[in-house]
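Pasted below: protein.pdb, PDB, C-alpha atoms.
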```
ATOM      1  CA  MET A   4     -10.136-107.769 -35.144
ATOM      2  CA  ILE A   5     -11.953-109.189 -32.100
ATOM      3  CA  PHE A   6     -15.028-110.075 -34.201
ATOM      4  CA  LEU A   7     -12.888-111.991 -36.651
ATOM      5  CA  VAL A   8     -11.360-114.105 -33.889
ATOM      6  CA  LEU A   9     -14.783-114.872 -32.372
ATOM      7  CA  PHE A  10     -16.111-115.856 -35.774
ATOM      8  CA  VAL A  11     -13.262-118.343 -36.434
ATOM      9  CA  TRP A  12     -13.765-119.887 -32.979
ATOM     10  CA  MET A  13     -17.552-120.328 -33.257
ATOM     11  CA  VAL A  14     -17.700-121.895 -36.767
ATOM     12  CA  PRO A  15     -16.227-125.349 -35.729
ATOM     13  CA  CYS A  16     -18.533-125.500 -32.704
ATOM     14  CA  ILE A  17     -21.611-124.854 -34.750
ATOM     15  CA  ALA A  18     -20.519-127.353 -37.383
ATOM     16  CA  ASN A  19     -19.880-129.982 -34.692
ATOM     17  CA  GLN A  20     -23.356-129.534 -33.219
ATOM     18  CA  LEU A  21     -24.985-129.857 -36.571
ATOM     19  CA  LEU A  22     -23.059-132.991 -37.391
ATOM     20  CA  SER A  23     -23.855-134.617 -34.047
ATOM     21  CA  SER A  24     -27.515-133.997 -34.539
ATOM     22  CA  PHE A  25     -27.400-135.563 -37.998
ATOM     23  CA  VAL A  26     -25.636-138.744 -36.761
ATOM     24  CA  LYS A  27     -28.142-139.263 -34.008
ATOM     25  CA  ALA A  28     -30.930-139.013 -36.515
ATOM     26  CA  GLU A  29     -29.452-141.645 -38.769
ATOM     27  CA  ILE A  30     -28.928-144.126 -35.989
ATOM     28  CA  GLN A  31     -32.479-143.732 -34.912
ATOM     29  CA  LYS A  32     -33.609-144.631 -38.489
ATOM     30  CA  GLY A  33     -31.679-147.914 -38.337
ATOM     31  CA  SER A  34     -29.288-147.025 -40.923
ATOM     32  CA  LYS A  35     -26.465-149.436 -41.183
ATOM     33  CA  GLN A  36     -24.213-147.130 -42.882
ATOM     34  CA  LEU A  37     -21.402-145.626 -40.853
ATOM     35  CA  VAL A  38     -20.728-142.151 -41.213
ATOM     36  CA  CYS A  39     -17.008-141.646 -41.712
ATOM     37  CA  SER A  40     -17.324-137.996 -41.344
ATOM     38  CA  ILE A  41     -17.799-138.079 -37.593
ATOM     39  CA  PRO A  42     -14.911-136.242 -36.039
ATOM     40  CA  GLY A  43     -12.628-138.280 -33.897
ATOM     41  CA  PRO A  44     -11.053-137.262 -30.687
ATOM     42  CA  GLN A  45      -9.049-134.112 -30.601
ATOM     43  CA  GLY A  46      -5.596-134.636 -31.919
ATOM     44  CA  PRO A  47      -2.436-133.100 -30.597
ATOM     45  CA  PRO A  48      -1.929-129.412 -31.292
ATOM     46  CA  GLY A  49      -0.306-128.694 -34.545
ATOM     47  CA  ALA A  50       2.892-126.833 -35.117
ATOM     48  CA  PRO A  51       2.554-123.052 -34.872
ATOM     49  CA  GLY A  52       1.766-121.433 -38.137
ATOM     50  CA  ALA A  53       3.848-118.813 -39.809
ATOM     51  CA  PRO A  54       3.394-115.342 -38.296
ATOM     52  CA  GLY A  55       0.811-113.270 -40.008
ATOM     53  CA  SER A  56       1.485-109.999 -41.704
ATOM     54  CA  SER A  57       1.463-106.844 -39.536
ATOM     55  CA  GLY A  58      -1.856-105.122 -39.252
ATOM     56  CA  PRO A  59      -2.384-101.490 -40.149
ATOM     57  CA  VAL A  60      -1.067 -98.855 -37.734
ATOM     58  CA  GLY A  61      -3.722 -97.932 -35.203
ATOM     59  CA  ARG A  62      -4.830 -94.424 -34.370
ATOM     60  CA  MET A  63      -2.631 -92.343 -32.120
ATOM     61  CA  GLY A  64      -3.719 -92.650 -28.538
ATOM     62  CA  PHE A  65      -4.487 -89.746 -26.187
ATOM     63  CA  PRO A  66      -1.421 -88.078 -24.699
ATOM     64  CA  GLY A  67      -0.499 -89.514 -21.348
ATOM     65  CA  LYS A  68      -0.296 -87.518 -18.100
ATOM     66  CA  ASP A  69       2.862 -85.562 -17.364
ATOM     67  CA  GLY A  70       5.356 -87.494 -15.383
ATOM     68  CA  ARG A  71       6.944 -86.226 -12.200
ATOM     69  CA  ASP A  72       9.678 -83.652 -12.457
ATOM     70  CA  GLY A  73      13.087 -85.139 -12.533
ATOM     71  CA  LYS A  74      15.746 -84.249 -10.024
ATOM     72  CA  ASP A  75      17.904 -81.179 -10.644
ATOM     73  CA  GLY A  76      21.048 -81.981 -12.488
ATOM     74  CA  GLU A  77      24.468 -81.058 -11.216
ATOM     75  CA  LYS A  78      25.530 -77.421 -11.539
ATOM     76  CA  GLY A  79      27.288 -76.825 -14.821
ATOM     77  CA  GLU A  80      30.511 -74.962 -15.285
ATOM     78  CA  ASN A  81      30.495 -71.181 -15.824
ATOM     79  CA  GLY A  82      30.297 -70.229 -19.446
ATOM     80  CA  GLU A  83      32.599 -67.838 -21.182
ATOM     81  CA  GLU A  84      32.070 -64.137 -20.522
ATOM     82  CA  GLY A  85      29.846 -62.584 -23.149
ATOM     83  CA  PRO A  86      30.556 -59.339 -25.037
ATOM     84  CA  GLN A  87      29.896 -56.041 -23.217
ATOM     85  CA  GLY A  88      26.342 -54.766 -23.634
ATOM     86  CA  ARG A  89      25.275 -51.279 -24.743
ATOM     87  CA  THR A  90      25.464 -48.422 -22.294
ATOM     88  CA  GLY A  91      22.147 -48.021 -20.482
ATOM     89  CA  ASN A  92      20.193 -44.789 -20.019
ATOM     90  CA  PRO A  93      21.531 -42.536 -17.253
ATOM     91  CA  GLY A  94      19.812 -43.079 -13.924
ATOM     92  CA  LYS A  95      18.116 -40.418 -11.790
ATOM     93  CA  ALA A  96      20.361 -38.105  -9.820
ATOM     94  CA  GLY A  97      20.968 -39.378  -6.338
ATOM     95  CA  PRO A  98      20.593 -37.303  -3.155
ATOM     96  CA  LYS A  99      23.120 -34.573  -2.524
ATOM     97  CA  GLY A 100      26.089 -35.907  -0.651
ATOM     98  CA  LYS A 101      27.688 -34.360   2.379
ATOM     99  CA  ALA A 102      30.008 -31.431   1.822
ATOM    100  CA  GLY A 103      33.575 -32.538   1.519
ATOM    101  CA  ALA A 104      36.404 -31.191   3.581
ATOM    102  CA  ILE A 105      37.687 -27.755   2.665
ATOM    103  CA  GLY A 106      40.670 -28.095   0.404
ATOM    104  CA  LYS A 107      43.914 -26.285   0.780
ATOM    105  CA  ALA A 108      44.063 -22.737  -0.499
ATOM    106  CA  GLY A 109      45.496 -22.482  -3.978
ATOM    107  CA  PRO A 110      48.352 -20.203  -4.934
ATOM    108  CA  ARG A 111      47.607 -16.489  -4.866
ATOM    109  CA  GLY A 112      46.448 -15.156  -8.204
ATOM    110  CA  PRO A 113      47.832 -12.138 -10.010
ATOM    111  CA  LYS A 114      46.777  -8.666  -8.922
ATOM    112  CA  GLY A 115      43.527  -7.560 -10.557
ATOM    113  CA  LEU A 116      42.759  -4.305 -12.337
ATOM    114  CA  LYS A 117      42.066  -1.228 -10.269
ATOM    115  CA  GLY A 118      38.343  -0.842  -9.564
ATOM    116  CA  SER A 119      36.299   2.295  -9.875
ATOM    117  CA  PRO A 120      36.287   4.568  -6.811
ATOM    118  CA  GLY A 121      33.500   3.869  -4.311
ATOM    119  CA  LYS A 122      30.930   6.328  -3.022
ATOM    120  CA  SER A 123      32.023   8.847  -0.459
ATOM    121  CA  GLY A 124      31.213   7.859   3.096
ATOM    122  CA  GLY A 125      29.114   9.972   5.436
ATOM    123  CA  PRO A 126      30.724  12.576   7.653
ATOM    124  CA  GLY A 127      32.324  11.113  10.746
ATOM    125  CA  LYS A 128      31.552  12.112  14.304
ATOM    126  CA  LYS A 129      33.094  15.289  15.554
ATOM    127  CA  GLY A 130      36.243  14.576  17.535
ATOM    128  CA  PRO A 131      37.166  16.138  20.855
ATOM    129  CA  LYS A 132      38.440  19.679  20.858
ATOM    130  CA  GLY A 133      42.226  19.805  20.724
ATOM    131  CA  ILE A 134      44.602  21.817  22.834
ATOM    132  CA  GLN A 135      44.942  25.393  21.692
ATOM    133  CA  GLY A 136      48.235  25.971  19.968
ATOM    134  CA  ASP A 137      50.626  28.849  20.217
ATOM    135  CA  ILE A 138      49.697  32.146  18.644
ATOM    136  CA  GLY A 139      51.167  32.328  15.172
ATOM    137  CA  LEU A 140      52.632  35.210  13.267
ATOM    138  CA  PRO A 141      50.160  37.703  11.824
ATOM    139  CA  GLY A 142      49.182  36.747   8.292
ATOM    140  CA  PRO A 143      48.228  38.841   5.296
ATOM    141  CA  CYS A 144      44.889  40.653   5.347
ATOM    142  CA  SER A 145      42.014  38.632   3.991
ATOM    143  CA  CYS A 146      39.128  40.874   4.880
ATOM    144  CA  GLY A 147      35.775  39.217   4.371
ATOM    145  CA  ALA A 148      37.293  35.762   3.695
ATOM    146  CA  LYS A 149      35.818  34.328   6.911
ATOM    147  CA  LYS A 150      32.532  36.184   6.723
ATOM    148  CA  ALA A 151      29.670  33.798   7.538
ATOM    149  CA  LYS A 152      26.645  33.986   5.269
ATOM    150  CA  SER A 153      23.116  32.726   5.909
ATOM    151  CA  ALA A 154      19.959  34.381   4.540
ATOM    152  CA  PHE A 155      16.677  33.385   2.939
ATOM    153  CA  SER A 156      13.490  34.925   1.597
ATOM    154  CA  VAL A 157      10.610  32.685   0.475
ATOM    155  CA  ALA A 158       6.921  32.924  -0.550
ATOM    156  CA  VAL A 159       3.852  30.669  -0.545
ATOM    157  CA  THR A 160       1.974  29.369  -3.605
ATOM    158  CA  LYS A 161      -1.207  28.094  -1.864
ATOM    159  CA  SER A 162      -3.917  29.724   0.250
ATOM    160  CA  TYR A 163      -5.311  28.671   3.639
ATOM    161  CA  PRO A 164      -2.682  26.271   5.052
ATOM    162  CA  ARG A 165      -3.482  23.633   7.705
ATOM    163  CA  GLU A 166      -3.381  24.650  11.371
ATOM    164  CA  ARG A 167      -0.570  23.782  13.814
ATOM    165  CA  LEU A 168       1.783  22.560  11.079
ATOM    166  CA  PRO A 169       4.797  24.340   9.503
ATOM    167  CA  ILE A 170       3.663  26.511   6.598
ATOM    168  CA  LYS A 171       5.576  25.466   3.485
ATOM    169  CA  PHE A 172       6.895  28.546   1.689
ATOM    170  CA  ASP A 173       7.856  26.712  -1.505
ATOM    171  CA  LYS A 174       8.699  29.673  -3.773
ATOM    172  CA  ILE A 175      12.408  30.420  -3.213
ATOM    173  CA  LEU A 176      13.400  34.043  -3.737
ATOM    174  CA  MET A 177      16.802  33.673  -2.032
ATOM    175  CA  ASN A 178      18.481  30.904  -0.033
ATOM    176  CA  GLU A 179      22.071  31.884   0.789
ATOM    177  CA  GLY A 180      23.842  28.861   2.264
ATOM    178  CA  GLY A 181      20.873  26.555   1.513
ATOM    179  CA  HIS A 182      19.761  26.563   5.158
ATOM    180  CA  TYR A 183      16.016  26.883   4.405
ATOM    181  CA  ASN A 184      14.215  23.597   3.522
ATOM    182  CA  ALA A 185      11.265  24.173   1.170
ATOM    183  CA  SER A 186       9.995  20.582   1.653
ATOM    184  CA  SER A 187       9.556  20.967   5.426
ATOM    185  CA  GLY A 188       9.047  24.761   5.580
ATOM    186  CA  LYS A 189      11.736  25.065   8.264
ATOM    187  CA  PHE A 190      14.944  27.094   8.566
ATOM    188  CA  LEU A 191      17.776  24.946   9.986
ATOM    189  CA  CYS A 192      20.591  26.850  11.681
ATOM    190  CA  SER A 193      24.060  25.812  10.509
ATOM    191  CA  ILE A 194      25.972  28.897  11.743
ATOM    192  CA  PRO A 195      25.346  29.766  15.414
ATOM    193  CA  GLY A 196      24.771  33.469  16.010
ATOM    194  CA  ILE A 197      22.172  36.235  16.121
ATOM    195  CA  TYR A 198      19.397  36.153  13.473
ATOM    196  CA  TYR A 199      16.655  38.478  12.340
ATOM    197  CA  PHE A 200      13.268  37.050  11.187
ATOM    198  CA  THR A 201      10.253  38.819   9.674
ATOM    199  CA  TYR A 202       7.041  37.909   7.846
ATOM    200  CA  ASP A 203       4.443  39.783   5.779
ATOM    201  CA  ILE A 204       1.266  37.740   5.195
ATOM    202  CA  THR A 205      -1.723  38.711   3.019
ATOM    203  CA  LEU A 206      -5.103  37.591   4.460
ATOM    204  CA  ALA A 207      -8.576  37.466   2.968
ATOM    205  CA  ASN A 208     -12.008  35.945   3.789
ATOM    206  CA  LYS A 209     -10.837  34.640   7.184
ATOM    207  CA  HIS A 210      -9.098  35.827  10.340
ATOM    208  CA  LEU A 211      -5.399  35.103  10.642
ATOM    209  CA  ALA A 212      -3.641  33.817  13.783
ATOM    210  CA  ILE A 213      -0.007  33.189  12.918
ATOM    211  CA  GLY A 214       3.131  32.738  15.011
ATOM    212  CA  LEU A 215       6.892  32.299  14.663
ATOM    213  CA  VAL A 216       8.094  29.039  16.237
ATOM    214  CA  HIS A 217      11.612  28.306  17.544
ATOM    215  CA  ASN A 218      12.285  24.599  18.346
ATOM    216  CA  GLY A 219       8.576  23.969  19.017
ATOM    217  CA  GLN A 220       8.014  27.123  21.121
ATOM    218  CA  TYR A 221       6.139  30.222  19.935
ATOM    219  CA  ARG A 222       8.396  33.315  20.093
ATOM    220  CA  ILE A 223       5.923  35.833  18.660
ATOM    221  CA  LYS A 224       2.202  35.658  17.752
ATOM    222  CA  THR A 225       0.069  38.041  15.716
ATOM    223  CA  PHE A 226      -3.682  38.087  15.116
ATOM    224  CA  ASP A 227      -5.460  40.013  12.348
ATOM    225  CA  ALA A 228      -9.245  40.092  11.977
ATOM    226  CA  ASN A 229     -10.935  39.822   8.617
ATOM    227  CA  THR A 230     -12.663  43.158   7.866
ATOM    228  CA  GLY A 231     -14.049  42.132   4.473
ATOM    229  CA  ASN A 232     -11.060  43.521   2.607
ATOM    230  CA  HIS A 233      -7.598  42.207   1.950
ATOM    231  CA  ASP A 234      -5.132  42.998   4.687
ATOM    232  CA  VAL A 235      -1.486  42.354   5.584
ATOM    233  CA  ALA A 236      -0.276  40.835   8.857
ATOM    234  CA  SER A 237       3.371  41.286   9.790
ATOM    235  CA  GLY A 238       5.784  40.505  12.588
ATOM    236  CA  SER A 239       9.516  40.462  13.240
ATOM    237  CA  THR A 240      12.015  39.542  15.956
ATOM    238  CA  ILE A 241      15.693  38.841  16.691
ATOM    239  CA  LEU A 242      16.719  35.408  18.007
ATOM    240  CA  PRO A 243      19.996  33.854  19.163
ATOM    241  CA  LEU A 244      20.319  30.431  17.502
ATOM    242  CA  LYS A 245      22.532  27.464  18.081
ATOM    243  CA  LYS A 246      23.562  24.939  15.511
ATOM    244  CA  GLU A 247      20.702  22.575  14.503
ATOM    245  CA  ASP A 248      18.034  24.967  15.872
ATOM    246  CA  GLU A 249      14.849  25.197  13.750
ATOM    247  CA  VAL A 250      12.576  28.176  13.011
ATOM    248  CA  TRP A 251       9.250  28.201  11.104
ATOM    249  CA  LEU A 252       5.795  29.833  10.832
ATOM    250  CA  GLN A 253       2.453  28.145  11.580
ATOM    251  CA  ILE A 254      -1.235  28.884  12.273
ATOM    252  CA  PHE A 255      -1.812  28.620  16.017
ATOM    253  CA  TYR A 256      -5.654  28.734  16.192
ATOM    254  CA  SER A 257      -8.340  26.620  14.452
ATOM    255  CA  GLU A 258     -10.165  28.172  11.486
ATOM    256  CA  GLN A 259      -7.947  31.281  11.725
ATOM    257  CA  ASN A 260      -5.883  30.426   8.643
ATOM    258  CA  GLY A 261      -6.799  33.334   6.375
ATOM    259  CA  LEU A 262      -3.420  33.381   4.552
ATOM    260  CA  PHE A 263      -4.247  34.249   0.925
ATOM    261  CA  TYR A 264      -2.248  33.766  -2.272
ATOM    262  CA  ASP A 265      -2.854  35.377  -5.651
ATOM    263  CA  PRO A 266      -0.107  35.004  -8.263
ATOM    264  CA  TYR A 267      -1.116  38.197 -10.079
ATOM    265  CA  TRP A 268      -1.082  40.852  -7.381
ATOM    266  CA  THR A 269      -0.054  39.690  -3.892
ATOM    267  CA  ASP A 270       2.545  37.569  -2.099
ATOM    268  CA  SER A 271       3.057  36.328   1.456
ATOM    269  CA  LEU A 272       6.723  36.336   2.513
ATOM    270  CA  PHE A 273       8.915  34.777   5.213
ATOM    271  CA  THR A 274      12.446  36.192   5.554
ATOM    272  CA  GLY A 275      15.448  35.648   7.826
ATOM    273  CA  PHE A 276      19.180  36.350   7.867
ATOM    274  CA  LEU A 277      22.275  36.136  10.075
ATOM    275  CA  ILE A 278      23.268  39.410  11.747
ATOM    276  CA  TYR A 279      26.567  38.074  13.096
ATOM    277  CA  ALA A 280      27.999  34.677  13.974
ATOM    278  CA  ASP A 281      29.333  33.490  17.337
ATOM    279  CA  GLN A 282      33.080  33.970  17.833
ATOM    280  CA  ASP A 283      33.455  30.273  18.712
ATOM    281  CA  TYR A 284      32.289  29.425  15.226
ATOM    282  CA  PHE A 285      35.188  31.342  13.682
ATOM    283  CA  ASN A 286      37.618  29.720  16.102
ATOM    284  CA  GLU A 287      36.480  26.272  14.989
ATOM    285  CA  ILE A 288      36.874  26.985  11.297
TER     286      ILE A 288
END
```

Structure rendered as structure tokens:
Amino acid sequence: MIFLVLFVWMVPCIANQLLSSFVKAEIQKGSKQLVCSIPGPQGPPGAPGAPGSSGPVGRMGFPGKDGRDGKDGEKGENGEEGPQGRTGNPGKAGPKGKAGAIGKAGPRGPKGLKGSPGKSGGPGKKGPKGIQGDIGLPGPCSCGAKKAKSAFSVAVTKSYPRERLPIKFDKILMNEGGHYNASSGKFLCSIPGIYYFTYDITLANKHLAIGLVHNGQYRIKTFDANTGNHDVASGSTILPLKKEDEVWLQIFYSEQNGLFYDPYWTDSLFTGFLIYADQDYFNEI
């Protein structure tokens, strides 16, 4: 478009220069002819021509820079409340809260079913002795009804027991009243009175030093030397015992534990029994 305008503007100028040069040349030749084609002075501008047709649409220019942000508009009115959304996933459990106050006791419930009987309790402590009552009328004869019984006879089942420990006679031949304990090897007095104790011990291969012990004290001791053959050591005594007293046999010297057991032809025995009980015992029962 610019080139077209420049071209239209330059054509009259070039034509005017050419014409001026030609006129000057003719005058110099002496030509008498007048050239009517010499342009006169510039006339007044003509009336504006009709507007030309619109040119083709130019290419789209580059996008301009972003303008400044406009000011915030006034706050709009609250919209209508929307529909309720779906229930969300349950959240994590919060920390345990403080214990609330204890509520009032509810009404008493109906009586439950009767439970099974509980275990029997242990024996209580012995109470103080009461005042002796008046003598009653003589009753019918019950001879032997109050007769106290305590007797045992036991045997060993192992040879050469350990020294200075109760010998465990674990083969029970008789245990009237259950006062002999095979686990400990001791006789425990439950009926105070006078008792008779005896032992017959087979020995072999070693000497035998054995004694009868009453509450940790030796009452009798016997010693039998090994002569190369089997032999029998024996001893017996009578002892007054109180309730809870203990009696047992044990070896009283190191390496002198020649007690021998053979299930086919010999036994070693420990025996004891009550001769008579204390009168106070009968009064208590």

Between atom CA of Lys174 of chain A and atom CA of Ala158 of chain A, measure the distance and give it in Å to one decimal.
4.9 Å

Between A:Thr274, A:Gln135, A:Gly49, A:Gly43, which one has atoms that come closest to Leu176 of chain A, using all atoms listed in the file?
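Of A:Thr274, A:Gln135, A:Gly49, A:Gly43, the one nearest Leu176 of chain A, counting all atoms listed in the file, is A:Thr274.
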
Å distance separating atom CA of Ile278 of chain A from atom CA of Ser239 of chain A, one decimal place:
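That distance, rounded to one decimal, is 13.9 Å.
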
Give as a PyMOL selection string the set of residues within 7 Å of the point (-7.8, 30.6, 5.2), where distances use the file's coordinates and all atoms listed in the file.
chain A and resi 162-164+208-209+259-263

Residues selected by the PyMOL selection byres ((chain A and resi 183-195) around 9), written as a ChimeraX atom specification
/A:151-157,169-175,178-182,196-198,243-252,275,277,279-281,283-284

Interatomic distance between atom CA of Leu242 of chain A and atom CA of Pro131 of chain A?
28.2 Å

Can you list, as a PDB file with C-alpha atoms, keeping the file's coordinate frame, the residues that the PyMOL selection byres ((chain A and resi 264) around 10) selects here?
```pdb
ATOM      1  CA  ALA A 158       6.921  32.924  -0.550  1.00  0.00           C
ATOM      2  CA  VAL A 159       3.852  30.669  -0.545  1.00  0.00           C
ATOM      3  CA  THR A 160       1.974  29.369  -3.605  1.00  0.00           C
ATOM      4  CA  LYS A 161      -1.207  28.094  -1.864  1.00  0.00           C
ATOM      5  CA  SER A 162      -3.917  29.724   0.250  1.00  0.00           C
ATOM      6  CA  TYR A 163      -5.311  28.671   3.639  1.00  0.00           C
ATOM      7  CA  ILE A 204       1.266  37.740   5.195  1.00  0.00           C
ATOM      8  CA  THR A 205      -1.723  38.711   3.019  1.00  0.00           C
ATOM      9  CA  LEU A 206      -5.103  37.591   4.460  1.00  0.00           C
ATOM     10  CA  ALA A 207      -8.576  37.466   2.968  1.00  0.00           C
ATOM     11  CA  GLY A 261      -6.799  33.334   6.375  1.00  0.00           C
ATOM     12  CA  LEU A 262      -3.420  33.381   4.552  1.00  0.00           C
ATOM     13  CA  PHE A 263      -4.247  34.249   0.925  1.00  0.00           C
ATOM     14  CA  ASP A 265      -2.854  35.377  -5.651  1.00  0.00           C
ATOM     15  CA  PRO A 266      -0.107  35.004  -8.263  1.00  0.00           C
ATOM     16  CA  TYR A 267      -1.116  38.197 -10.079  1.00  0.00           C
ATOM     17  CA  TRP A 268      -1.082  40.852  -7.381  1.00  0.00           C
ATOM     18  CA  THR A 269      -0.054  39.690  -3.892  1.00  0.00           C
ATOM     19  CA  ASP A 270       2.545  37.569  -2.099  1.00  0.00           C
ATOM     20  CA  SER A 271       3.057  36.328   1.456  1.00  0.00           C
TER      21      SER A 271
END
```

Check what the PyMOL selection byres ((chain A and resi 229) around 6) selects in the file above and give those residues as a PyMOL selection string.
chain A and resi 209-210+228+230-231

Could you put an axis-aligned box around every listed atom of segment 51-57 of chain A, padded by 6 Å on each side, and send me its centre and edge lengths in Å to one decimal, as lines of an AutoDock Vina configuration file?
```
center_x = 2.3
center_y = -114.9
center_z = -38.3
size_x = 15.0
size_y = 28.2
size_z = 18.8
```

Neighbouring residues of Lys224 of chain A were defined as those with any atom within 7 Å, considering all atoms listed in the file; residues of the same chain fewer than 2 positions away were excluded. Please report them as a PyMOL selection string.
chain A and resi 213-215+226
